[in-house]
$ cat input.pdb   # PDB, C-alpha atoms
ATOM      1  CA  MET A  15      19.705 -13.118 -25.851
ATOM      2  CA  THR A  16      16.832 -10.822 -24.947
ATOM      3  CA  TYR A  17      14.625 -13.870 -24.329
ATOM      4  CA  LEU A  18      17.224 -15.403 -21.986
ATOM      5  CA  LYS A  19      17.642 -12.071 -20.176
ATOM      6  CA  HIS A  20      13.876 -11.763 -19.678
ATOM      7  CA  PHE A  21      13.701 -15.388 -18.524
ATOM      8  CA  LEU A  22      16.445 -14.881 -15.922
ATOM      9  CA  LEU A  23      14.985 -11.554 -14.801
ATOM     10  CA  PHE A  24      11.601 -13.214 -14.326
ATOM     11  CA  TRP A  25      13.057 -15.899 -12.044
ATOM     12  CA  TYR A  26      15.185 -13.348 -10.168
ATOM     13  CA  ASP A  27      12.090 -11.256  -9.523
ATOM     14  CA  PHE A  28      10.050 -14.368  -8.692
ATOM     15  CA  ILE A  29      12.447 -15.722  -6.038
ATOM     16  CA  VAL A  30      14.446 -12.731  -4.788
ATOM     17  CA  GLY A  31      11.816 -10.000  -5.233
ATOM     18  CA  ASP A  32      12.168  -6.381  -4.171
ATOM     19  CA  ASP A  33      15.078  -6.651  -1.736
ATOM     20  CA  TRP A  34      18.150  -8.615  -2.823
ATOM     21  CA  MET A  35      19.801  -7.936   0.543
ATOM     22  CA  ILE A  36      17.417 -10.388   2.238
ATOM     23  CA  ALA A  37      18.490 -13.160  -0.150
ATOM     24  CA  ALA A  38      22.180 -12.281   0.252
ATOM     25  CA  GLY A  39      21.825 -12.162   4.051
ATOM     26  CA  VAL A  40      20.068 -15.538   4.181
ATOM     27  CA  VAL A  41      22.820 -17.153   2.082
ATOM     28  CA  MET A  42      25.506 -15.601   4.307
ATOM     29  CA  ALA A  43      23.758 -16.812   7.468
ATOM     30  CA  LEU A  44      23.586 -20.293   5.954
ATOM     31  CA  ILE A  45      27.316 -20.254   5.203
ATOM     32  CA  VAL A  46      28.070 -19.157   8.787
ATOM     33  CA  SER A  47      25.754 -21.882  10.167
ATOM     34  CA  ALA A  48      27.433 -24.553   7.999
ATOM     35  CA  ALA A  49      30.923 -23.347   9.001
ATOM     36  CA  LEU A  50      30.005 -23.491  12.707
ATOM     37  CA  ALA A  51      28.438 -26.934  12.241
ATOM     38  CA  ARG A  52      31.761 -28.193  10.798
ATOM     39  CA  ARG A  53      33.420 -27.071  14.043
ATOM     40  CA  ASP A  54      30.816 -28.985  16.028
ATOM     41  CA  VAL A  55      29.003 -25.832  17.165
ATOM     42  CA  ASN A  56      25.255 -26.436  17.116
ATOM     43  CA  ALA A  57      24.452 -22.888  15.974
ATOM     44  CA  TRP A  58      20.714 -23.355  15.284
ATOM     45  CA  TRP A  59      20.041 -19.782  16.426
ATOM     46  CA  VAL A  60      22.184 -18.027  13.763
ATOM     47  CA  MET A  61      19.559 -18.225  10.993
ATOM     48  CA  LEU A  62      16.703 -17.260  13.298
ATOM     49  CA  VAL A  63      18.539 -14.152  14.514
ATOM     50  CA  ALA A  64      19.649 -13.330  10.946
ATOM     51  CA  VAL A  65      16.072 -13.542   9.621
ATOM     52  CA  VAL A  66      14.714 -11.223  12.330
ATOM     53  CA  VAL A  67      17.514  -8.678  11.709
ATOM     54  CA  LEU A  68      17.238  -8.916   7.896
ATOM     55  CA  LEU A  69      13.455  -8.489   7.933
ATOM     56  CA  ALA A  70      13.566  -5.505  10.299
ATOM     57  CA  ALA A  71      16.399  -3.865   8.304
ATOM     58  CA  SER A  72      14.594  -4.388   5.003
ATOM     59  CA  LEU A  73      11.402  -2.822   6.363
ATOM     60  CA  TRP A  74      13.353   0.085   7.809
ATOM     61  CA  ARG A  75      14.983   0.758   4.404
ATOM     62  CA  GLU A  76      11.589   0.595   2.672
ATOM     63  CA  THR A  77       9.950   3.006   5.125
ATOM     64  CA  ARG A  78      12.818   5.488   4.645
ATOM     65  CA  ARG A  79      12.360   5.258   0.872
ATOM     66  CA  SER A  80       8.610   5.824   1.207
ATOM     67  CA  ARG A  81       8.996   9.042   3.210
TER      68      ARG A  81
ATOM     69  CA  MET B   8      -1.875 -35.746  11.494
ATOM     70  CA  THR B   9       1.345 -34.075  12.763
ATOM     71  CA  THR B  10       1.743 -30.319  13.224
ATOM     72  CA  SER B  11       4.137 -30.063  10.272
ATOM     73  CA  VAL B  12       1.739 -31.899   7.937
ATOM     74  CA  MET B  13      -1.140 -29.681   9.043
ATOM     75  CA  MET B  14       1.011 -26.606   8.383
ATOM     76  CA  LEU B  15       1.916 -27.979   4.939
ATOM     77  CA  VAL B  16      -1.745 -28.392   3.971
ATOM     78  CA  LEU B  17      -2.702 -25.041   5.522
ATOM     79  CA  ALA B  18       0.121 -23.137   3.792
ATOM     80  CA  ALA B  19      -0.745 -24.665   0.397
ATOM     81  CA  PHE B  20      -4.449 -23.959   1.024
ATOM     82  CA  LEU B  21      -3.947 -20.301   2.008
ATOM     83  CA  ALA B  22      -1.430 -19.548  -0.767
ATOM     84  CA  SER B  23      -3.680 -21.167  -3.340
ATOM     85  CA  ALA B  24      -6.754 -19.298  -2.036
ATOM     86  CA  VAL B  25      -5.000 -15.910  -2.252
ATOM     87  CA  GLU B  26      -3.696 -16.518  -5.779
ATOM     88  CA  ALA B  27      -6.980 -18.075  -6.918
ATOM     89  CA  VAL B  28      -8.913 -14.985  -5.778
ATOM     90  CA  GLU B  29      -6.560 -12.769  -7.823
ATOM     91  CA  ALA B  30      -6.734 -15.036 -10.890
ATOM     92  CA  PHE B  31     -10.524 -15.304 -10.561
ATOM     93  CA  THR B  32     -10.887 -11.501 -10.721
ATOM     94  CA  LEU B  33      -8.938 -11.435 -13.989
ATOM     95  CA  VAL B  34     -10.812 -14.354 -15.598
ATOM     96  CA  LEU B  35     -14.132 -12.792 -14.523
ATOM     97  CA  ALA B  36     -13.178  -9.426 -16.072
ATOM     98  CA  VAL B  37     -12.090 -11.077 -19.333
ATOM     99  CA  GLY B  38     -15.086 -13.444 -19.438
ATOM    100  CA  VAL B  39     -17.683 -10.721 -18.815
ATOM    101  CA  THR B  40     -16.075  -8.388 -21.368
ATOM    102  CA  ARG B  41     -15.040 -10.722 -24.173
ATOM    103  CA  GLY B  42     -17.091 -13.898 -23.725
ATOM    104  CA  TRP B  43     -16.636 -16.947 -21.541
ATOM    105  CA  ARG B  44     -15.526 -19.684 -23.942
ATOM    106  CA  SER B  45     -12.023 -18.454 -24.830
ATOM    107  CA  SER B  46     -11.485 -17.067 -21.345
ATOM    108  CA  LEU B  47     -12.348 -20.370 -19.628
ATOM    109  CA  ILE B  48     -10.325 -22.419 -22.123
ATOM    110  CA  GLY B  49      -7.348 -20.146 -21.354
ATOM    111  CA  ALA B  50      -7.805 -20.568 -17.585
ATOM    112  CA  GLY B  51      -8.265 -24.343 -17.917
ATOM    113  CA  THR B  52      -5.182 -24.731 -20.117
ATOM    114  CA  ALA B  53      -3.110 -22.759 -17.588
ATOM    115  CA  THR B  54      -4.334 -24.983 -14.745
ATOM    116  CA  LEU B  55      -3.343 -28.080 -16.743
ATOM    117  CA  ALA B  56       0.068 -26.533 -17.514
ATOM    118  CA  LEU B  57       0.619 -25.912 -13.786
ATOM    119  CA  ALA B  58      -0.350 -29.498 -12.971
ATOM    120  CA  ALA B  59       2.168 -30.637 -15.620
ATOM    121  CA  VAL B  60       4.905 -28.489 -14.006
ATOM    122  CA  ILE B  61       4.245 -30.132 -10.621
ATOM    123  CA  ALA B  62       4.072 -33.624 -12.160
ATOM    124  CA  ALA B  63       7.349 -33.058 -14.045
ATOM    125  CA  PHE B  64       9.455 -31.430 -11.317
ATOM    126  CA  GLY B  65       8.039 -33.271  -8.270
ATOM    127  CA  PRO B  66       9.612 -36.695  -8.965
ATOM    128  CA  ALA B  67      12.875 -35.051 -10.123
ATOM    129  CA  LEU B  68      13.231 -33.104  -6.848
ATOM    130  CA  SER B  69      12.402 -36.233  -4.833
ATOM    131  CA  LEU B  70      15.509 -37.932  -6.251
ATOM    132  CA  MET B  71      17.872 -35.416  -4.605
ATOM    133  CA  PRO B  72      19.721 -36.435  -1.399
ATOM    134  CA  ILE B  73      17.632 -35.244   1.572
ATOM    135  CA  ASP B  74      20.264 -32.911   3.122
ATOM    136  CA  ALA B  75      21.052 -31.164  -0.187
ATOM    137  CA  LEU B  76      17.333 -30.932  -0.908
ATOM    138  CA  ARG B  77      16.635 -29.349   2.474
ATOM    139  CA  VAL B  78      19.435 -26.787   2.124
ATOM    140  CA  ILE B  79      18.434 -25.760  -1.413
ATOM    141  CA  VAL B  80      14.677 -25.960  -1.007
ATOM    142  CA  GLY B  81      14.756 -24.563   2.540
ATOM    143  CA  THR B  82      16.795 -21.547   1.425
ATOM    144  CA  LEU B  83      14.535 -20.891  -1.581
ATOM    145  CA  LEU B  84      11.439 -21.277   0.569
ATOM    146  CA  LEU B  85      12.865 -18.924   3.201
ATOM    147  CA  ILE B  86      13.768 -16.187   0.696
ATOM    148  CA  PHE B  87      10.410 -16.596  -1.062
ATOM    149  CA  GLY B  88       8.490 -16.630   2.230
ATOM    150  CA  LEU B  89      10.269 -13.514   3.524
ATOM    151  CA  GLN B  90       9.208 -11.749   0.331
ATOM    152  CA  TRP B  91       5.534 -12.521   1.079
ATOM    153  CA  LEU B  92       5.936 -11.614   4.753
ATOM    154  CA  ARG B  93       7.740  -8.342   4.005
ATOM    155  CA  LYS B  94       4.992  -7.215   1.614
ATOM    156  CA  ALA B  95       2.234  -8.267   4.033
ATOM    157  CA  ILE B  96       3.871  -6.318   6.912
ATOM    158  CA  LEU B  97       4.310  -3.226   4.716
ATOM    159  CA  ARG B  98       0.633  -3.427   3.681
ATOM    160  CA  ALA B  99      -0.594  -3.996   7.249
ATOM    161  CA  GLY B 100       1.622  -1.120   8.442
ATOM    162  CA  GLY B 101       0.172   1.289   5.863
ATOM    163  CA  TYR B 102       3.316   1.637   3.741
ATOM    164  CA  LYS B 103       1.881  -0.243   0.763
ATOM    165  CA  ALA B 104      -1.670  -0.068  -0.521
ATOM    166  CA  LEU B 105      -3.875  -3.099   0.116
ATOM    167  CA  ARG B 106      -4.931  -4.875  -3.061
ATOM    168  CA  ASP B 107      -8.332  -3.593  -4.206
ATOM    169  CA  GLU B 108     -10.124  -6.376  -6.129
ATOM    170  CA  ASP B 109     -12.823  -3.973  -7.388
ATOM    171  CA  ALA B 110     -10.302  -1.484  -8.797
ATOM    172  CA  TYR B 111      -8.298  -4.327 -10.345
ATOM    173  CA  TYR B 112     -11.481  -5.778 -11.870
ATOM    174  CA  GLN B 113     -12.512  -2.425 -13.383
ATOM    175  CA  ALA B 114      -9.017  -1.813 -14.784
ATOM    176  CA  GLU B 115      -8.884  -5.285 -16.369
ATOM    177  CA  ARG B 116     -12.382  -4.839 -17.846
ATOM    178  CA  ALA B 117     -11.415  -1.480 -19.366
ATOM    179  CA  ALA B 118      -8.210  -2.958 -20.819
ATOM    180  CA  ALA B 119     -10.053  -5.971 -22.257
ATOM    181  CA  GLN B 120     -12.739  -3.742 -23.791
ATOM    182  CA  ALA B 121     -10.170  -1.457 -25.441
ATOM    183  CA  VAL B 122      -8.969  -4.230 -27.765
ATOM    184  CA  GLY B 123     -11.183  -5.211 -30.719
ATOM    185  CA  ILE B 124     -12.450  -8.791 -30.942
ATOM    186  CA  THR B 125     -11.100 -10.876 -33.839
ATOM    187  CA  ARG B 126     -11.774 -14.599 -33.922
ATOM    188  CA  ARG B 127      -9.558 -17.243 -35.456
ATOM    189  CA  ALA B 128     -10.548 -20.922 -35.383
ATOM    190  CA  GLY B 129     -13.574 -19.896 -33.304
ATOM    191  CA  MET B 130     -11.379 -18.500 -30.525
ATOM    192  CA  ASP B 131     -10.796 -15.017 -29.199
ATOM    193  CA  TRP B 132      -7.029 -15.438 -28.729
ATOM    194  CA  TYR B 133      -6.649 -12.175 -26.829
ATOM    195  CA  ALA B 134      -9.076 -13.433 -24.146
ATOM    196  CA  PHE B 135      -7.379 -16.845 -24.161
ATOM    197  CA  THR B 136      -3.893 -15.349 -23.728
ATOM    198  CA  LEU B 137      -4.985 -12.919 -21.016
ATOM    199  CA  SER B 138      -6.679 -15.654 -18.975
ATOM    200  CA  PHE B 139      -3.885 -18.154 -19.555
ATOM    201  CA  LYS B 140      -1.174 -15.695 -18.552
ATOM    202  CA  GLY B 141      -3.068 -14.473 -15.484
ATOM    203  CA  VAL B 142      -3.866 -17.945 -14.137
ATOM    204  CA  PHE B 143      -0.427 -19.366 -14.990
ATOM    205  CA  LEU B 144       1.541 -16.537 -13.369
ATOM    206  CA  GLU B 145      -0.604 -16.435 -10.221
ATOM    207  CA  GLY B 146      -0.544 -20.231 -10.049
ATOM    208  CA  LEU B 147       3.210 -20.476 -10.489
ATOM    209  CA  GLU B 148       3.716 -19.220  -6.936
ATOM    210  CA  VAL B 149       1.366 -21.933  -5.669
ATOM    211  CA  ALA B 150       3.161 -24.565  -7.784
ATOM    212  CA  PHE B 151       6.478 -23.384  -6.307
ATOM    213  CA  ILE B 152       5.132 -23.715  -2.762
ATOM    214  CA  VAL B 153       3.536 -27.108  -3.471
ATOM    215  CA  LEU B 154       6.765 -28.426  -5.021
ATOM    216  CA  THR B 155       9.250 -27.105  -2.468
ATOM    217  CA  PHE B 156       7.102 -27.575   0.622
ATOM    218  CA  GLY B 157       5.691 -30.902  -0.537
ATOM    219  CA  THR B 158       9.044 -32.426  -1.538
ATOM    220  CA  SER B 159      10.842 -31.475   1.686
ATOM    221  CA  GLN B 160       7.947 -32.753   3.758
ATOM    222  CA  GLY B 161       7.829 -35.867   1.577
ATOM    223  CA  SER B 162       4.200 -35.360   0.624
ATOM    224  CA  ILE B 163       3.435 -33.529  -2.609
ATOM    225  CA  PRO B 164      -0.070 -35.112  -2.817
ATOM    226  CA  LEU B 165      -1.079 -33.494   0.505
ATOM    227  CA  ALA B 166       0.195 -30.097  -0.660
ATOM    228  CA  VAL B 167      -1.724 -30.541  -3.941
ATOM    229  CA  LEU B 168      -4.816 -31.474  -1.911
ATOM    230  CA  GLY B 169      -4.577 -28.282   0.176
ATOM    231  CA  ALA B 170      -4.085 -26.130  -2.922
ATOM    232  CA  GLY B 171      -6.829 -27.965  -4.843
ATOM    233  CA  ILE B 172      -9.452 -27.542  -2.105
ATOM    234  CA  ALA B 173      -8.771 -23.788  -2.022
ATOM    235  CA  LEU B 174      -9.019 -23.522  -5.815
ATOM    236  CA  VAL B 175     -12.354 -25.378  -5.919
ATOM    237  CA  LEU B 176     -13.696 -23.302  -3.008
ATOM    238  CA  VAL B 177     -12.768 -19.990  -4.661
ATOM    239  CA  VAL B 178     -14.217 -21.032  -8.029
ATOM    240  CA  VAL B 179     -17.499 -22.266  -6.451
ATOM    241  CA  VAL B 180     -17.943 -19.123  -4.326
ATOM    242  CA  GLY B 181     -16.891 -16.945  -7.280
ATOM    243  CA  VAL B 182     -19.421 -18.562  -9.629
ATOM    244  CA  LEU B 183     -22.172 -18.163  -7.001
ATOM    245  CA  VAL B 184     -21.559 -14.473  -6.281
ATOM    246  CA  HIS B 185     -20.427 -13.669  -9.846
ATOM    247  CA  GLU B 186     -18.308 -10.696  -8.799
ATOM    248  CA  PRO B 187     -14.759 -10.087  -7.474
ATOM    249  CA  LEU B 188     -14.214 -11.719  -4.060
ATOM    250  CA  ARG B 189     -13.432  -8.497  -2.233
ATOM    251  CA  ARG B 190     -14.195  -9.755   1.297
ATOM    252  CA  VAL B 191     -11.379 -12.307   1.387
ATOM    253  CA  PRO B 192      -8.756 -11.079   3.919
ATOM    254  CA  GLU B 193      -5.951 -11.418   1.371
ATOM    255  CA  ASN B 194      -3.264  -9.624   3.349
ATOM    256  CA  THR B 195      -3.870 -11.614   6.538
ATOM    257  CA  MET B 196      -3.638 -14.814   4.500
ATOM    258  CA  LYS B 197      -0.428 -13.644   2.824
ATOM    259  CA  PHE B 198       0.989 -12.794   6.249
ATOM    260  CA  ALA B 199       0.174 -16.305   7.525
ATOM    261  CA  VAL B 200       1.664 -17.972   4.420
ATOM    262  CA  GLY B 201       4.808 -15.825   4.686
ATOM    263  CA  VAL B 202       5.305 -16.787   8.348
ATOM    264  CA  MET B 203       4.793 -20.498   7.627
ATOM    265  CA  LEU B 204       7.103 -20.589   4.586
ATOM    266  CA  ALA B 205       9.813 -18.706   6.466
ATOM    267  CA  THR B 206       9.410 -21.038   9.479
ATOM    268  CA  PHE B 207       9.907 -24.175   7.398
ATOM    269  CA  GLY B 208      12.619 -22.469   5.334
ATOM    270  CA  ILE B 209      14.635 -21.683   8.500
ATOM    271  CA  PHE B 210      14.095 -25.177   9.900
ATOM    272  CA  TRP B 211      15.045 -27.125   6.773
ATOM    273  CA  SER B 212      17.936 -24.965   5.553
ATOM    274  CA  VAL B 213      19.617 -25.133   8.983
ATOM    275  CA  GLU B 214      18.890 -28.841   9.426
ATOM    276  CA  GLY B 215      20.382 -29.517   5.981
ATOM    277  CA  THR B 216      23.749 -28.118   7.134
ATOM    278  CA  GLY B 217      23.928 -30.851   9.796
ATOM    279  CA  ILE B 218      22.779 -28.736  12.741
ATOM    280  CA  GLU B 219      20.294 -30.338  15.134
ATOM    281  CA  TRP B 220      17.360 -28.285  16.363
ATOM    282  CA  PRO B 221      16.657 -28.435  20.101
ATOM    283  CA  GLY B 222      13.429 -30.400  20.484
ATOM    284  CA  ALA B 223      13.744 -31.822  16.935
ATOM    285  CA  ASP B 224      10.474 -31.229  15.003
ATOM    286  CA  GLY B 225       9.047 -29.443  18.040
ATOM    287  CA  ALA B 226      11.370 -26.529  17.204
ATOM    288  CA  LEU B 227       9.058 -25.721  14.266
ATOM    289  CA  LEU B 228       6.411 -24.464  16.671
ATOM    290  CA  GLY B 229       9.000 -22.358  18.517
ATOM    291  CA  ILE B 230      10.229 -20.743  15.270
ATOM    292  CA  LEU B 231       6.619 -20.126  14.213
ATOM    293  CA  VAL B 232       5.796 -18.372  17.498
ATOM    294  CA  VAL B 233       8.982 -16.225  17.395
ATOM    295  CA  LEU B 234       8.411 -15.188  13.762
ATOM    296  CA  THR B 235       4.723 -14.433  14.332
ATOM    297  CA  LEU B 236       5.421 -12.279  17.402
ATOM    298  CA  VAL B 237       8.312 -10.436  15.710
ATOM    299  CA  SER B 238       6.215  -9.810  12.579
ATOM    300  CA  LEU B 239       3.220  -8.565  14.581
ATOM    301  CA  GLY B 240       5.581  -6.320  16.533
ATOM    302  CA  LEU B 241       6.981  -4.926  13.276
ATOM    303  CA  VAL B 242       3.439  -4.241  12.008
ATOM    304  CA  ALA B 243       2.691  -2.312  15.222
ATOM    305  CA  VAL B 244       5.910  -0.265  14.872
ATOM    306  CA  LEU B 245       5.203   0.515  11.209
ATOM    307  CA  ARG B 246       1.619   1.565  11.984
ATOM    308  CA  ARG B 247       2.837   3.985  14.669
ATOM    309  CA  MET B 248       5.507   5.396  12.336
ATOM    310  CA  HIS B 249       2.996   5.750   9.491
ATOM    311  CA  ALA B 250       0.493   7.551  11.735
ATOM    312  CA  ARG B 251       3.230   9.895  13.004
ATOM    313  CA  HIS B 252       4.361  10.737   9.462
ATOM    314  CA  ALA B 253       0.767  11.327   8.350
ATOM    315  CA  LEU B 254       0.269  13.691  11.319
ATOM    316  CA  GLN B 255       3.486  15.553  10.504
ATOM    317  CA  ALA B 256       2.440  15.888   6.857
ATOM    318  CA  THR B 257      -0.969  17.256   7.921
ATOM    319  CA  SER B 258       0.567  19.838  10.247
ATOM    320  CA  ILE B 259       3.050  20.977   7.577
ATOM    321  CA  ALA B 260       0.179  21.303   5.074
ATOM    322  CA  GLY B 261      -1.834  23.221   7.704
ATOM    323  CA  MET B 262       1.029  25.654   8.312
ATOM    324  CA  GLY B 263       1.379  26.262   4.579
ATOM    325  CA  ALA B 264      -2.339  27.039   4.135
TER     326      ALA B 264
END
$ encode --input "input.pdb" --output "structure tokens"
Amino acid sequence: MTYLKHFLLFWYDFIVGDDWMIAAGVVMALIVSAALARRDVNAWWVMLVAVVVLLAASLWRETRRSR
Amino acid sequence: MTTSVMMLVLAAFLASAVEAVEAFTLVLAVGVTRGWRSSLIGAGTATLALAAVIAAFGPALSLMPIDALRVIVGTLLLIFGLQWLRKAILRAGGYKALRDEDAYYQAERAAAQAVGITRRAGMDWYAFTLSFKGVFLEGLEVAFIVLTFGTSQGSIPLAVLGAGIALVLVVVVGVLVHEPLRRVPENTMKFAVGVMLATFGIFWSVEGTGIEWPGADGALLGILVVLTLVSLGLVAVLRRMHARHALQATSIAGMGA
């Protein structure tokens, strides 16, 4: 059990890293993009805007923590 | 050679160079302290293990339907790339310390010296394990990039080539200077890799959902430019904020004195 926990934690840390909100935000933006694509909306800009907002928000949180 | 193929090779090259520099510092510290044989066997075994990971997972990933592959791999690449970019921006902005190869080298040497040498079957297993673990863990990030980037682009061999050239270059330069490679601009390279991974991650994950990018593949360059400018802007903002906070801290300390 401990081995499995360590294994999963390693991969979580490897992929997701320090800020899980970036990963969650990216997945949400992907879901929104896919939903809009199903309604024939070519929403290529959703992910780009989401990434810029997520990155800026993550940095802002980190700088507040560092103060 | 198309822009996207050049970016694939460049991203694999830069990521591999950064990780190879870090792994080289560790192997050098272990080799100098505990002897070269076990340390080099450990590093070599780890390199072979990484090659085996790529050889095993590469063909398996290639069998996935292209849209599913692009959504999954694109999303993973984007999250992974944003992690690199976020750290690089924080370091460039002064909110995280830059990696100091000399300090890392001295710390690893001290740690390796603190453990007594016992040999079994002619091997110093502590040196072997330390080198193996260091090279494997640093290299795993490169293997991840080579696999994800290479599969989505349909060219794992080119990604391996980019990563391999960087590895050989770092080892050759490292052997010649025989000290930690402190002059390599690691953070700038990490910044560039982060931007490129995030660019391709955005492009592929969105394309995999059935959305068409304006300008098709040409959109890659547009995303790259937007992400680079935004990231450089964020570095500038963080630097200003960091300088302001440092000034405030100095004035508060001055008032207290």
$ interface_residues --input "input.pdb" --of "chain A" --to "chain B" --cutoff "7 Å" --atoms "only C-alpha atoms" --output "PyMOL selection string"
chain A and resi 29-31+37+44+48+51+56-58+61-62+69+77
$ axis_aligned_box --input "input.pdb" --around "region 95-101 of chain B" --padding-each-side "6 Å" --output "JSON"
{"center_x": 1.9, "center_y": -3.5, "center_z": 6.1, "size_x": 16.9, "size_y": 21.6, "size_z": 16.8}
$ atom_distance --input "input.pdb" --atom1 "CA of Arg75 (chain A)" --atom2 "CA of His20 (chain A)"
27.2 Å
$ resolve_selection --input "input.pdb" --expression "the PyMOL selection byres ((chain B and resi 110-117) around 7)" --output "ChimeraX atom specification"
/B:32-33,36-37,40,107-109,118-121,187
$ resolve_selection --input "input.pdb" --expression "the PyMOL selection byres ((chain B and resi 42-58) around 9)" --output "number ranges by chain"
B: 30, 34-35, 37-41, 59-63, 129-144, 146-147, 150
$ atom_distance --input "input.pdb" --atom1 "CA of Ile36 (chain A)" --atom2 "CA of Arg246 (chain B)"
22.1 Å
$ atom_distance --input "input.pdb" --atom1 "CA of Gly225 (chain B)" --atom2 "CA of Phe207 (chain B)"
11.9 Å
$ resolve_selection --input "input.pdb" --expression "the PyMOL selection byres ((chain B and resi 65-69) around 12)" --output "short mmCIF file (atom, residue, chain, number, x, y, z; two decimals) with C-alpha atoms, in the frame of the given file"
data_model
loop_
_atom_site.label_atom_id
_atom_site.label_comp_id
_atom_site.auth_asym_id
_atom_site.auth_seq_id
_atom_site.Cartn_x
_atom_site.Cartn_y
_atom_site.Cartn_z
CA LEU B 57 0.62 -25.91 -13.79
CA ALA B 58 -0.35 -29.50 -12.97
CA ALA B 59 2.17 -30.64 -15.62
CA VAL B 60 4.90 -28.49 -14.01
CA ILE B 61 4.24 -30.13 -10.62
CA ALA B 62 4.07 -33.62 -12.16
CA ALA B 63 7.35 -33.06 -14.04
CA PHE B 64 9.46 -31.43 -11.32
CA LEU B 70 15.51 -37.93 -6.25
CA MET B 71 17.87 -35.42 -4.61
CA PRO B 72 19.72 -36.44 -1.40
CA ILE B 73 17.63 -35.24 1.57
CA ASP B 74 20.26 -32.91 3.12
CA ALA B 75 21.05 -31.16 -0.19
CA LEU B 76 17.33 -30.93 -0.91
CA ARG B 77 16.64 -29.35 2.47
CA ILE B 79 18.43 -25.76 -1.41
CA VAL B 80 14.68 -25.96 -1.01
CA ALA B 150 3.16 -24.56 -7.78
CA PHE B 151 6.48 -23.38 -6.31
CA ILE B 152 5.13 -23.72 -2.76
CA VAL B 153 3.54 -27.11 -3.47
CA LEU B 154 6.76 -28.43 -5.02
CA THR B 155 9.25 -27.10 -2.47
CA PHE B 156 7.10 -27.58 0.62
CA GLY B 157 5.69 -30.90 -0.54
CA THR B 158 9.04 -32.43 -1.54
CA SER B 159 10.84 -31.48 1.69
CA GLN B 160 7.95 -32.75 3.76
CA GLY B 161 7.83 -35.87 1.58
CA SER B 162 4.20 -35.36 0.62
CA ILE B 163 3.44 -33.53 -2.61
CA PRO B 164 -0.07 -35.11 -2.82
CA ALA B 166 0.20 -30.10 -0.66
CA VAL B 167 -1.72 -30.54 -3.94
#
$ residues_around --input "input.pdb" --residues "Ala24 (chain B)" --least-positions-apart "6" --cutoff "7 Å" --atoms "all atoms listed in the file" --output "ChimeraX atom specification"
/B:173-174,177
$ decode --input "input.pdb" --residues "region 107-140 of chain B" --atoms "C-alpha atoms" --output "short mmCIF file (atom, residue, chain, number, x, y, z; two decimals), in the first residue's frame"
data_model
loop_
_atom_site.label_atom_id
_atom_site.label_comp_id
_atom_site.auth_asym_id
_atom_site.auth_seq_id
_atom_site.Cartn_x
_atom_site.Cartn_y
_atom_site.Cartn_z
CA ASP B 107 23.67 26.84 -8.03
CA GLU B 108 25.66 23.96 -9.58
CA ASP B 109 28.67 24.63 -7.32
CA ALA B 110 26.62 24.52 -4.12
CA TYR B 111 24.81 21.40 -5.34
CA TYR B 112 28.15 19.77 -6.21
CA GLN B 113 29.64 20.53 -2.77
CA ALA B 114 26.52 19.25 -0.98
CA GLU B 115 26.52 16.00 -2.98
CA ARG B 116 30.26 15.52 -2.35
CA ALA B 117 29.80 16.01 1.40
CA ALA B 118 26.87 13.56 1.44
CA ALA B 119 28.80 10.95 -0.57
CA GLN B 120 31.85 11.30 1.69
CA ALA B 121 29.78 10.87 4.87
CA VAL B 122 28.92 7.26 4.00
CA GLY B 123 31.61 4.59 4.44
CA ILE B 124 32.71 2.59 1.39
CA THR B 125 31.85 -1.13 1.43
CA ARG B 126 32.33 -3.18 -1.72
CA ARG B 127 30.32 -6.21 -2.75
CA ALA B 128 31.08 -8.06 -5.99
CA GLY B 129 33.69 -5.37 -6.72
CA MET B 130 31.06 -2.62 -6.72
CA ASP B 131 30.42 0.33 -4.45
CA TRP B 132 26.61 -0.03 -4.48
CA TYR B 133 26.04 3.29 -2.73
CA ALA B 134 27.82 5.12 -5.59
CA PHE B 135 25.98 2.98 -8.15
CA THR B 136 22.56 3.70 -6.61
CA LEU B 137 23.22 7.42 -6.22
CA SER B 138 24.33 7.80 -9.84
CA PHE B 139 21.58 5.56 -11.18
CA LYS B 140 18.86 7.38 -9.26
#
